[in-house]
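For reference, entry22.tsv (TSV, N, CA and C atoms and all ligand atoms):
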chain	number	residue	atom	x	y	z
A	825	MET	N	-52.58	18.79	-8.10
A	825	MET	CA	-52.69	19.63	-6.91
A	825	MET	C	-51.35	19.61	-6.15
A	826	THR	N	-50.91	20.79	-5.81
A	826	THR	CA	-49.66	20.90	-5.05
A	826	THR	C	-49.86	20.30	-3.67
A	827	ILE	N	-48.94	19.44	-3.26
A	827	ILE	CA	-49.11	18.88	-1.91
A	827	ILE	C	-48.21	19.56	-0.89
A	828	MET	N	-47.24	20.31	-1.40
A	828	MET	CA	-46.40	21.04	-0.45
A	828	MET	C	-45.84	22.28	-1.14
A	829	THR	N	-45.96	23.41	-0.52
A	829	THR	CA	-45.42	24.64	-1.11
A	829	THR	C	-44.28	25.18	-0.25
A	830	TRP	N	-43.45	25.95	-0.89
A	830	TRP	CA	-42.31	26.55	-0.19
A	830	TRP	C	-42.80	27.64	0.75
A	831	THR	N	-42.29	27.65	1.96
A	831	THR	CA	-42.61	28.72	2.90
A	831	THR	C	-41.30	29.18	3.55
A	832	PRO	N	-41.28	30.38	4.13
A	832	PRO	CA	-40.07	30.86	4.79
A	832	PRO	C	-39.60	29.93	5.92
A	833	SER	N	-40.48	29.11	6.43
A	833	SER	CA	-40.08	28.19	7.51
A	833	SER	C	-39.10	27.13	7.01
A	834	LEU	N	-38.95	27.03	5.68
A	834	LEU	CA	-38.02	26.05	5.10
A	834	LEU	C	-36.68	26.69	4.70
A	835	ASP	N	-36.55	27.99	4.97
A	835	ASP	CA	-35.34	28.72	4.59
A	835	ASP	C	-34.18	28.37	5.53
A	836	VAL	N	-33.15	27.68	4.97
A	836	VAL	CA	-32.01	27.28	5.81
A	836	VAL	C	-30.88	28.31	5.78
A	837	GLY	N	-31.10	29.41	5.06
A	837	GLY	CA	-30.11	30.49	5.07
A	837	GLY	C	-28.91	30.25	4.17
A	838	VAL	N	-28.98	29.24	3.32
A	838	VAL	CA	-27.90	28.95	2.36
A	838	VAL	C	-28.58	28.85	0.99
A	839	SER	N	-28.31	29.83	0.11
A	839	SER	CA	-29.10	29.92	-1.12
A	839	SER	C	-29.02	28.67	-2.00
A	840	LYS	N	-27.84	28.08	-2.11
A	840	LYS	CA	-27.73	26.86	-2.94
A	840	LYS	C	-28.61	25.73	-2.38
A	841	MET	N	-28.61	25.59	-1.08
A	841	MET	CA	-29.42	24.53	-0.47
A	841	MET	C	-30.91	24.87	-0.59
A	842	ASN	N	-31.26	26.14	-0.43
A	842	ASN	CA	-32.66	26.53	-0.61
A	842	ASN	C	-33.12	26.24	-2.04
A	843	ASP	N	-32.26	26.57	-3.02
A	843	ASP	CA	-32.61	26.31	-4.43
A	843	ASP	C	-32.82	24.82	-4.66
A	844	GLU	N	-31.93	24.02	-4.09
A	844	GLU	CA	-32.07	22.57	-4.30
A	844	GLU	C	-33.30	22.03	-3.59
A	845	HIS	N	-33.58	22.52	-2.40
A	845	HIS	CA	-34.79	22.08	-1.70
A	845	HIS	C	-36.04	22.44	-2.52
A	846	GLN	N	-36.03	23.65	-3.10
A	846	GLN	CA	-37.18	24.07	-3.91
A	846	GLN	C	-37.31	23.18	-5.15
A	847	GLY	N	-36.17	22.79	-5.71
A	847	GLY	CA	-36.20	21.88	-6.87
A	847	GLY	C	-36.80	20.53	-6.50
A	848	LEU	N	-36.44	20.03	-5.32
A	848	LEU	CA	-37.00	18.76	-4.86
A	848	LEU	C	-38.51	18.87	-4.64
A	849	LEU	N	-38.90	20.00	-4.07
A	849	LEU	CA	-40.33	20.25	-3.83
A	849	LEU	C	-41.10	20.27	-5.15
A	850	LYS	N	-40.52	20.91	-6.15
A	850	LYS	CA	-41.18	21.00	-7.46
A	850	LYS	C	-41.35	19.60	-8.07
A	851	LEU	N	-40.29	18.81	-8.00
A	851	LEU	CA	-40.38	17.45	-8.56
A	851	LEU	C	-41.42	16.62	-7.82
A	852	MET	N	-41.46	16.78	-6.49
A	852	MET	CA	-42.45	16.04	-5.72
A	852	MET	C	-43.86	16.46	-6.13
A	853	ASN	N	-44.08	17.76	-6.32
A	853	ASN	CA	-45.40	18.23	-6.74
A	853	ASN	C	-45.72	17.78	-8.17
A	854	ASP	N	-44.71	17.81	-9.05
A	854	ASP	CA	-44.92	17.32	-10.42
A	854	ASP	C	-45.33	15.85	-10.41
A	855	LEU	N	-44.66	15.08	-9.55
A	855	LEU	CA	-44.97	13.65	-9.45
A	855	LEU	C	-46.40	13.44	-8.95
A	856	HIS	N	-46.77	14.23	-7.97
A	856	HIS	CA	-48.12	14.13	-7.42
A	856	HIS	C	-49.16	14.54	-8.47
A	857	ASP	N	-48.86	15.59	-9.22
A	857	ASP	CA	-49.78	16.03	-10.29
A	857	ASP	C	-49.98	14.92	-11.32
A	858	ALA	N	-48.86	14.31	-11.74
A	858	ALA	CA	-48.94	13.24	-12.75
A	858	ALA	C	-49.76	12.08	-12.21
A	859	HIS	N	-49.52	11.74	-10.95
A	859	HIS	CA	-50.26	10.64	-10.30
A	859	HIS	C	-51.75	10.97	-10.25
A	860	GLN	N	-52.07	12.19	-9.84
A	860	GLN	CA	-53.47	12.61	-9.72
A	860	GLN	C	-54.17	12.66	-11.08
A	861	ALA	N	-53.39	12.97	-12.13
A	861	ALA	CA	-53.96	13.03	-13.47
A	861	ALA	C	-54.15	11.64	-14.08
A	862	GLY	N	-53.82	10.62	-13.31
A	862	GLY	CA	-54.02	9.25	-13.77
A	862	GLY	C	-52.91	8.73	-14.67
A	863	LYS	N	-51.81	9.48	-14.72
A	863	LYS	CA	-50.70	9.01	-15.57
A	863	LYS	C	-49.96	7.85	-14.90
A	864	ARG	N	-49.45	6.98	-15.73
A	864	ARG	CA	-48.65	5.85	-15.24
A	864	ARG	C	-47.52	5.62	-16.22
A	865	GLY	N	-46.71	4.60	-15.96
A	865	GLY	CA	-45.65	4.26	-16.89
A	865	GLY	C	-44.58	5.32	-16.98
A	866	PHE	N	-44.03	5.49	-18.18
A	866	PHE	CA	-42.87	6.35	-18.38
A	866	PHE	C	-43.09	7.78	-17.87
A	867	GLU	N	-44.28	8.32	-18.07
A	867	GLU	CA	-44.53	9.71	-17.66
A	867	GLU	C	-44.34	9.92	-16.16
A	868	VAL	N	-44.67	8.89	-15.40
A	868	VAL	CA	-44.49	8.97	-13.94
A	868	VAL	C	-43.05	8.59	-13.56
A	869	LEU	N	-42.57	7.54	-14.18
A	869	LEU	CA	-41.25	7.01	-13.80
A	869	LEU	C	-40.12	7.99	-14.11
A	870	LYS	N	-40.28	8.78	-15.18
A	870	LYS	CA	-39.21	9.74	-15.49
A	870	LYS	C	-39.14	10.83	-14.41
A	871	ILE	N	-40.27	11.22	-13.85
A	871	ILE	CA	-40.27	12.22	-12.77
A	871	ILE	C	-39.71	11.60	-11.49
A	872	LEU	N	-40.12	10.37	-11.23
A	872	LEU	CA	-39.63	9.66	-10.04
A	872	LEU	C	-38.10	9.53	-10.10
A	873	ASP	N	-37.60	9.16	-11.26
A	873	ASP	CA	-36.14	8.98	-11.40
A	873	ASP	C	-35.42	10.33	-11.30
A	874	ALA	N	-36.04	11.38	-11.83
A	874	ALA	CA	-35.44	12.72	-11.71
A	874	ALA	C	-35.39	13.14	-10.25
A	875	LEU	N	-36.44	12.82	-9.51
A	875	LEU	CA	-36.47	13.15	-8.08
A	875	LEU	C	-35.39	12.37	-7.33
A	876	GLY	N	-35.22	11.11	-7.69
A	876	GLY	CA	-34.17	10.29	-7.06
A	876	GLY	C	-32.79	10.86	-7.35
A	877	ALA	N	-32.54	11.22	-8.61
A	877	ALA	CA	-31.23	11.76	-8.98
A	877	ALA	C	-30.98	13.11	-8.31
A	878	ALA	N	-32.02	13.94	-8.25
A	878	ALA	CA	-31.88	15.26	-7.62
A	878	ALA	C	-31.62	15.11	-6.12
A	879	THR	N	-32.21	14.09	-5.53
A	879	THR	CA	-32.02	13.84	-4.09
A	879	THR	C	-30.58	13.41	-3.81
A	880	VAL	N	-30.08	12.49	-4.64
A	880	VAL	CA	-28.69	12.03	-4.48
A	880	VAL	C	-27.74	13.22	-4.61
A	881	LYS	N	-27.97	14.05	-5.63
A	881	LYS	CA	-27.11	15.21	-5.85
A	881	LYS	C	-27.23	16.19	-4.68
A	882	HIS	N	-28.45	16.42	-4.23
A	882	HIS	CA	-28.64	17.37	-3.14
A	882	HIS	C	-27.91	16.91	-1.88
A	883	PHE	N	-28.07	15.65	-1.52
A	883	PHE	CA	-27.42	15.16	-0.31
A	883	PHE	C	-25.90	15.31	-0.43
A	884	ALA	N	-25.36	14.99	-1.60
A	884	ALA	CA	-23.91	15.11	-1.80
A	884	ALA	C	-23.49	16.58	-1.68
A	885	ASP	N	-24.22	17.48	-2.33
A	885	ASP	CA	-23.89	18.91	-2.27
A	885	ASP	C	-23.99	19.43	-0.83
A	886	GLU	N	-25.03	18.98	-0.14
A	886	GLU	CA	-25.24	19.45	1.23
A	886	GLU	C	-24.11	18.97	2.15
A	887	GLU	N	-23.68	17.75	1.93
A	887	GLU	CA	-22.59	17.21	2.76
A	887	GLU	C	-21.28	17.97	2.49
A	888	VAL	N	-21.05	18.34	1.24
A	888	VAL	CA	-19.86	19.15	0.91
A	888	VAL	C	-19.97	20.50	1.60
A	889	TYR	N	-21.17	21.08	1.57
A	889	TYR	CA	-21.35	22.39	2.23
A	889	TYR	C	-21.09	22.27	3.74
A	890	MET	N	-21.68	21.25	4.36
A	890	MET	CA	-21.51	21.09	5.81
A	890	MET	C	-20.04	20.90	6.18
A	891	GLU	N	-19.34	20.15	5.34
A	891	GLU	CA	-17.92	19.94	5.58
A	891	GLU	C	-17.17	21.27	5.49
A	892	SER	N	-17.57	22.09	4.52
A	892	SER	CA	-16.87	23.36	4.29
A	892	SER	C	-17.02	24.33	5.46
A	893	VAL	N	-18.08	24.16	6.25
A	893	VAL	CA	-18.28	25.06	7.41
A	893	VAL	C	-17.98	24.33	8.73
A	894	ASN	N	-17.32	23.16	8.60
A	894	ASN	CA	-16.97	22.36	9.78
A	894	ASN	C	-18.19	22.07	10.66
A	895	TYR	N	-19.27	21.73	10.01
A	895	TYR	CA	-20.49	21.43	10.75
A	895	TYR	C	-20.24	20.23	11.69
A	896	PRO	N	-20.48	20.39	12.98
A	896	PRO	CA	-20.10	19.35	13.94
A	896	PRO	C	-20.92	18.05	13.87
A	897	LYS	N	-22.13	18.11	13.31
A	897	LYS	CA	-22.96	16.90	13.30
A	897	LYS	C	-23.01	16.27	11.91
A	898	LEU	N	-21.96	16.48	11.13
A	898	LEU	CA	-21.93	15.98	9.75
A	898	LEU	C	-22.12	14.46	9.69
A	899	LYS	N	-21.45	13.73	10.57
A	899	LYS	CA	-21.50	12.26	10.51
A	899	LYS	C	-22.94	11.76	10.69
A	900	THR	N	-23.63	12.31	11.68
A	900	THR	CA	-25.01	11.90	11.94
A	900	THR	C	-25.90	12.27	10.76
A	901	HIS	N	-25.70	13.48	10.24
A	901	HIS	CA	-26.53	13.94	9.11
A	901	HIS	C	-26.32	13.02	7.90
A	902	LYS	N	-25.07	12.61	7.68
A	902	LYS	CA	-24.79	11.71	6.55
A	902	LYS	C	-25.52	10.38	6.72
A	903	LEU	N	-25.53	9.86	7.94
A	903	LEU	CA	-26.21	8.58	8.20
A	903	LEU	C	-27.71	8.71	7.93
A	904	ILE	N	-28.27	9.86	8.30
A	904	ILE	CA	-29.70	10.08	8.06
A	904	ILE	C	-29.96	10.15	6.55
A	905	HIS	N	-29.07	10.82	5.82
A	905	HIS	CA	-29.21	10.85	4.35
A	905	HIS	C	-29.17	9.44	3.77
A	906	GLN	N	-28.23	8.63	4.26
A	906	GLN	CA	-28.11	7.26	3.74
A	906	GLN	C	-29.40	6.48	3.99
A	907	ASP	N	-29.96	6.66	5.17
A	907	ASP	CA	-31.20	5.96	5.52
A	907	ASP	C	-32.35	6.41	4.61
A	908	LEU	N	-32.43	7.72	4.36
A	908	LEU	CA	-33.49	8.24	3.49
A	908	LEU	C	-33.34	7.71	2.07
A	909	LEU	N	-32.10	7.65	1.58
A	909	LEU	CA	-31.88	7.13	0.22
A	909	LEU	C	-32.26	5.65	0.13
A	910	LYS	N	-31.99	4.93	1.20
A	910	LYS	CA	-32.35	3.51	1.22
A	910	LYS	C	-33.87	3.36	1.14
A	911	LYS	N	-34.57	4.16	1.94
A	911	LYS	CA	-36.04	4.09	1.93
A	911	LYS	C	-36.58	4.53	0.57
A	912	PHE	N	-36.00	5.61	0.03
A	912	PHE	CA	-36.45	6.09	-1.28
A	912	PHE	C	-36.24	4.98	-2.32
A	913	GLY	N	-35.09	4.31	-2.25
A	913	GLY	CA	-34.78	3.24	-3.21
A	913	GLY	C	-35.78	2.09	-3.13
A	914	THR	N	-36.18	1.74	-1.92
A	914	THR	CA	-37.16	0.66	-1.74
A	914	THR	C	-38.50	1.05	-2.36
A	915	PHE	N	-38.94	2.29	-2.09
A	915	PHE	CA	-40.19	2.77	-2.69
A	915	PHE	C	-40.06	2.78	-4.22
A	916	SER	N	-38.94	3.31	-4.69
A	916	SER	CA	-38.74	3.46	-6.13
A	916	SER	C	-38.78	2.11	-6.86
A	917	GLU	N	-38.15	1.12	-6.27
A	917	GLU	CA	-38.16	-0.22	-6.89
A	917	GLU	C	-39.58	-0.74	-7.01
A	918	ALA	N	-40.36	-0.56	-5.94
A	918	ALA	CA	-41.74	-1.05	-5.94
A	918	ALA	C	-42.58	-0.30	-6.97
A	919	ILE	N	-42.36	0.99	-7.09
A	919	ILE	CA	-43.13	1.80	-8.05
A	919	ILE	C	-42.76	1.41	-9.48
A	920	HIS	N	-41.48	1.16	-9.72
A	920	HIS	CA	-41.07	0.70	-11.05
A	920	HIS	C	-41.70	-0.66	-11.36
A	921	ALA	N	-41.71	-1.53	-10.35
A	921	ALA	CA	-42.27	-2.88	-10.56
A	921	ALA	C	-43.76	-2.80	-10.90
A	922	LYS	N	-44.42	-1.73	-10.41
A	922	LYS	CA	-45.85	-1.55	-10.69
A	922	LYS	C	-46.09	-0.58	-11.84
A	923	ASN	N	-45.05	-0.33	-12.61
A	923	ASN	CA	-45.14	0.54	-13.79
A	923	ASN	C	-45.70	1.94	-13.49
A	924	GLY	N	-45.25	2.49	-12.38
A	924	GLY	CA	-45.61	3.89	-12.09
A	924	GLY	C	-46.83	4.06	-11.19
A	925	GLU	N	-47.33	2.96	-10.66
A	925	GLU	CA	-48.46	3.07	-9.71
A	925	GLU	C	-47.88	3.47	-8.35
A	926	ILE	N	-48.35	4.58	-7.81
A	926	ILE	CA	-47.80	5.09	-6.55
A	926	ILE	C	-48.85	5.07	-5.45
A	927	GLY	N	-48.47	4.53	-4.30
A	927	GLY	CA	-49.38	4.53	-3.16
A	927	GLY	C	-49.25	5.82	-2.36
A	928	ASP	N	-50.27	6.13	-1.59
A	928	ASP	CA	-50.26	7.35	-0.77
A	928	ASP	C	-49.10	7.35	0.22
A	929	ASP	N	-48.67	6.14	0.64
A	929	ASP	CA	-47.59	6.07	1.62
A	929	ASP	C	-46.29	6.70	1.11
A	930	PHE	N	-46.08	6.66	-0.21
A	930	PHE	CA	-44.87	7.27	-0.76
A	930	PHE	C	-44.93	8.79	-0.64
A	931	PHE	N	-46.10	9.36	-0.92
A	931	PHE	CA	-46.22	10.82	-0.81
A	931	PHE	C	-46.15	11.26	0.67
A	932	THR	N	-46.66	10.44	1.54
A	932	THR	CA	-46.56	10.74	2.98
A	932	THR	C	-45.08	10.76	3.38
A	933	PHE	N	-44.34	9.77	2.90
A	933	PHE	CA	-42.90	9.70	3.18
A	933	PHE	C	-42.18	10.93	2.64
A	934	LEU	N	-42.46	11.31	1.39
A	934	LEU	CA	-41.79	12.46	0.79
A	934	LEU	C	-42.10	13.75	1.53
A	935	LYS	N	-43.37	13.91	1.86
A	935	LYS	CA	-43.80	15.14	2.52
A	935	LYS	C	-43.15	15.27	3.90
A	936	LEU	N	-43.13	14.16	4.60
A	936	LEU	CA	-42.54	14.16	5.94
A	936	LEU	C	-41.04	14.43	5.85
A	937	TRP	N	-40.40	13.77	4.90
A	937	TRP	CA	-38.97	13.97	4.74
A	937	TRP	C	-38.68	15.44	4.43
A	938	LEU	N	-39.33	15.96	3.39
A	938	LEU	CA	-39.00	17.32	2.97
A	938	LEU	C	-39.32	18.35	4.04
A	939	SER	N	-40.40	18.10	4.75
A	939	SER	CA	-40.78	19.07	5.78
A	939	SER	C	-39.97	18.87	7.07
A	940	ALA	N	-40.05	17.69	7.64
A	940	ALA	CA	-39.42	17.45	8.93
A	940	ALA	C	-37.89	17.50	8.85
A	941	HIS	N	-37.34	16.95	7.77
A	941	HIS	CA	-35.87	16.93	7.66
A	941	HIS	C	-35.31	18.35	7.48
A	942	ILE	N	-35.96	19.11	6.58
A	942	ILE	CA	-35.45	20.47	6.31
A	942	ILE	C	-35.63	21.35	7.56
A	943	LYS	N	-36.85	21.30	8.13
A	943	LYS	CA	-37.12	22.17	9.30
A	943	LYS	C	-36.36	21.72	10.54
A	944	GLY	N	-36.01	20.44	10.56
A	944	GLY	CA	-35.32	19.91	11.73
A	944	GLY	C	-33.82	19.93	11.57
A	945	ILE	N	-33.30	18.84	11.03
A	945	ILE	CA	-31.84	18.66	11.02
A	945	ILE	C	-31.14	19.59	10.03
A	946	ASP	N	-31.76	19.88	8.86
A	946	ASP	CA	-31.09	20.79	7.91
A	946	ASP	C	-30.93	22.19	8.52
A	947	MET	N	-31.97	22.60	9.24
A	947	MET	CA	-31.95	23.96	9.81
A	947	MET	C	-30.76	24.14	10.76
A	948	GLU	N	-30.26	23.04	11.29
A	948	GLU	CA	-29.16	23.13	12.26
A	948	GLU	C	-27.84	23.57	11.63
A	949	TYR	N	-27.72	23.47	10.30
A	949	TYR	CA	-26.47	23.97	9.68
A	949	TYR	C	-26.64	25.40	9.15
A	950	SER	N	-27.80	26.00	9.38
A	950	SER	CA	-28.00	27.37	8.89
A	950	SER	C	-27.01	28.30	9.60
A	951	PRO	N	-26.47	29.27	8.89
A	951	PRO	CA	-25.49	30.17	9.50
A	951	PRO	C	-26.00	30.81	10.79
A	952	SER	N	-27.27	31.16	10.85
A	952	SER	CA	-27.78	31.80	12.06
A	952	SER	C	-27.80	30.83	13.24
A	953	HIS	N	-28.15	29.57	12.95
A	953	HIS	CA	-28.17	28.57	14.03
A	953	HIS	C	-26.75	28.29	14.51
A	954	LEU	N	-25.82	28.15	13.57
A	954	LEU	CA	-24.43	27.87	13.96
A	954	LEU	C	-23.85	29.02	14.78
A	955	ALA	N	-24.21	30.24	14.40
A	955	ALA	CA	-23.70	31.40	15.13
A	955	ALA	C	-24.21	31.41	16.57
A	956	GLN	N	-25.45	30.96	16.75
A	956	GLN	CA	-26.04	30.94	18.10
A	956	GLN	C	-25.45	29.84	18.97
A	957	THR	N	-25.05	28.73	18.32
A	957	THR	CA	-24.61	27.58	19.10
A	957	THR	C	-23.09	27.44	19.20
A	958	ALA	N	-22.37	28.32	18.47
A	958	ALA	CA	-20.90	28.24	18.49
A	958	ALA	C	-20.38	28.54	19.89
A	959	PRO	N	-19.33	27.84	20.31
A	959	PRO	CA	-18.76	28.13	21.63
A	959	PRO	C	-18.28	29.58	21.69
A	960	LYS	N	-18.53	30.22	22.80
A	960	LYS	CA	-18.09	31.61	22.96
A	960	LYS	C	-16.59	31.67	23.20
A	961	LYS	N	-15.95	32.67	22.58
A	961	LYS	CA	-14.51	32.85	22.78
A	961	LYS	C	-14.30	33.94	23.84
A	962	PHE	N	-13.36	33.68	24.73
A	962	PHE	CA	-13.09	34.66	25.77
A	962	PHE	C	-11.68	35.25	25.53
A	963	ALA	N	-11.57	36.55	25.78
A	963	ALA	CA	-10.28	37.21	25.55
A	963	ALA	C	-9.32	36.85	26.66
B	1	LIG	FE1	-31.42	19.05	2.62
B	1	LIG	FE2	-30.19	17.03	4.72
B	1	LIG	O1	-31.16	17.37	3.23
Show me this structure written as structure tokens.
Amino acid sequence: MTIMTWTPSLDVGVSKMNDEHQGLLKLMNDLHDAHQAGKRGFEVLKILDALGAATVKHFADEEVYMESVNYPKLKTHKLIHQDLLKKFGTFSEAIHAKNGEIGDDFFTFLKLWLSAHIKGIDMEYSPSHLAQTAPKKFA
């Protein structure tokens, strides 16, 4: 069962970032499907590891993008990414130690991250948001 679907409210206005967010969403749903189907071991861990790798890549790509547009809150956003990766790593280690057994708290964490982070802090680098908040130039 899909636990989170893509909606226009997650559109940050940057196609590469939207594509990557959708990829993360798909992996999260795949992981949830495997968990719900009673799968454990390698079948679950390979999806978990793919989600971890995709997250690392996404954060790096997003930081490059933010730098390219001189996003003013890049430093804070990077710190938040680091914190999320740390939390993801802690969950991932525990899931590996249990051979793919996943608790509901991990899915709650993923859902909150993907929803709240994208709709909140990611949305702040969207071109439309930056255009609204840019200092006005006077002639
Ligand atoms: Fe799309 Fe800041 O993660």
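Taking only N, CA and C atoms and all ligand atoms into account, every polymer residue with at least one atom at most 6.5 Å away from ligand LIG 1 (chain B) is listed here: His845, His882, Phe883, Glu886, His901, His905, His941, Ile942, Ile945 and Asp946 of chain A.
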Selection from above, N, CA and C atoms, as a compact mmCIF listing (two decimals), in the coordinates of the input, can you write it?
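File written: out.txt
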# COMPACT_ATOMS: atom_id res chain seq x y z
N HIS A 845 -33.58 22.52 -2.40
CA HIS A 845 -34.79 22.08 -1.70
C HIS A 845 -36.04 22.44 -2.52
N HIS A 882 -28.45 16.42 -4.23
CA HIS A 882 -28.64 17.37 -3.14
C HIS A 882 -27.91 16.91 -1.88
N PHE A 883 -28.07 15.65 -1.52
CA PHE A 883 -27.42 15.16 -0.31
C PHE A 883 -25.90 15.31 -0.43
N GLU A 886 -25.03 18.98 -0.14
CA GLU A 886 -25.24 19.45 1.23
C GLU A 886 -24.11 18.97 2.15
N HIS A 901 -25.70 13.48 10.24
CA HIS A 901 -26.53 13.94 9.11
C HIS A 901 -26.32 13.02 7.90
N HIS A 905 -29.07 10.82 5.82
CA HIS A 905 -29.21 10.85 4.35
C HIS A 905 -29.17 9.44 3.77
N HIS A 941 -37.34 16.95 7.77
CA HIS A 941 -35.87 16.93 7.66
C HIS A 941 -35.31 18.35 7.48
N ILE A 942 -35.96 19.11 6.58
CA ILE A 942 -35.45 20.47 6.31
C ILE A 942 -35.63 21.35 7.56
N ILE A 945 -33.30 18.84 11.03
CA ILE A 945 -31.84 18.66 11.02
C ILE A 945 -31.14 19.59 10.03
N ASP A 946 -31.76 19.88 8.86
CA ASP A 946 -31.09 20.79 7.91
C ASP A 946 -30.93 22.19 8.52
From a DSSP pass on the backbone, collect the residues of stretch 828-957 of chain A flagged as alpha helix (DSSP H) and hand them back as JSON, numbers by chain.
-> {"A": [839, 840, 841, 842, 843, 844, 845, 846, 847, 848, 849, 850, 851, 852, 853, 854, 855, 856, 857, 858, 859, 860, 866, 867, 868, 869, 870, 871, 872, 873, 874, 875, 876, 877, 878, 879, 880, 881, 882, 883, 884, 885, 886, 887, 888, 889, 890, 891, 892, 898, 899, 900, 901, 902, 903, 904, 905, 906, 907, 908, 909, 910, 911, 912, 913, 914, 915, 916, 917, 918, 919, 920, 921, 928, 929, 930, 931, 932, 933, 934, 935, 936, 942, 943, 951, 952, 953, 954, 955, 956, 957]}
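Note that atom C of A:Ile827 and atom CA of A:Ala940 are 13.3 Å apart.
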Listing only residues of stretch 914-949 of chain A within 6 Å of stretch 854-873 of chain A, what is the closest atom pair and its distance in Å (to one decimal) for each, using only N, CA and C atoms, sorted by chain and residue number ascending, as JSON lines?
{"residue": "A:Asn923", "atom": "C", "partner": "A:Gly865", "partner_atom": "N", "distance": 3.8}
{"residue": "A:Gly924", "atom": "CA", "partner": "A:Gly865", "partner_atom": "N", "distance": 4.1}
{"residue": "A:Glu925", "atom": "N", "partner": "A:Arg864", "partner_atom": "CA", "distance": 5.6}
Looking at A:Phe912, A:Lys902, A:Asp835, A:Gly847, which one is nearest to A:Thr932, with distances taken over only C-alpha atoms?
-> A:Phe912
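Non-sequential neighbours of A:Tyr895 (distance at most 10 Å, separation of 4 or more positions within a chain, only C-alpha atoms) are Glu887, Tyr889, Met890, Glu891, Lys899, His901, Glu948, Tyr949, Ser950 and Leu954 of chain A.
One distance worth recording is that between atom N of A:Asp885 and atom N of A:Phe931, which is 23.4 Å.
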Atom C of A:Lys943 to atom CA of A:Thr957, straight-line distance in Å =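 Computing the Euclidean distance for atom CA of A:Thr957 and atom C of A:Lys943 yields 15.7 Å.
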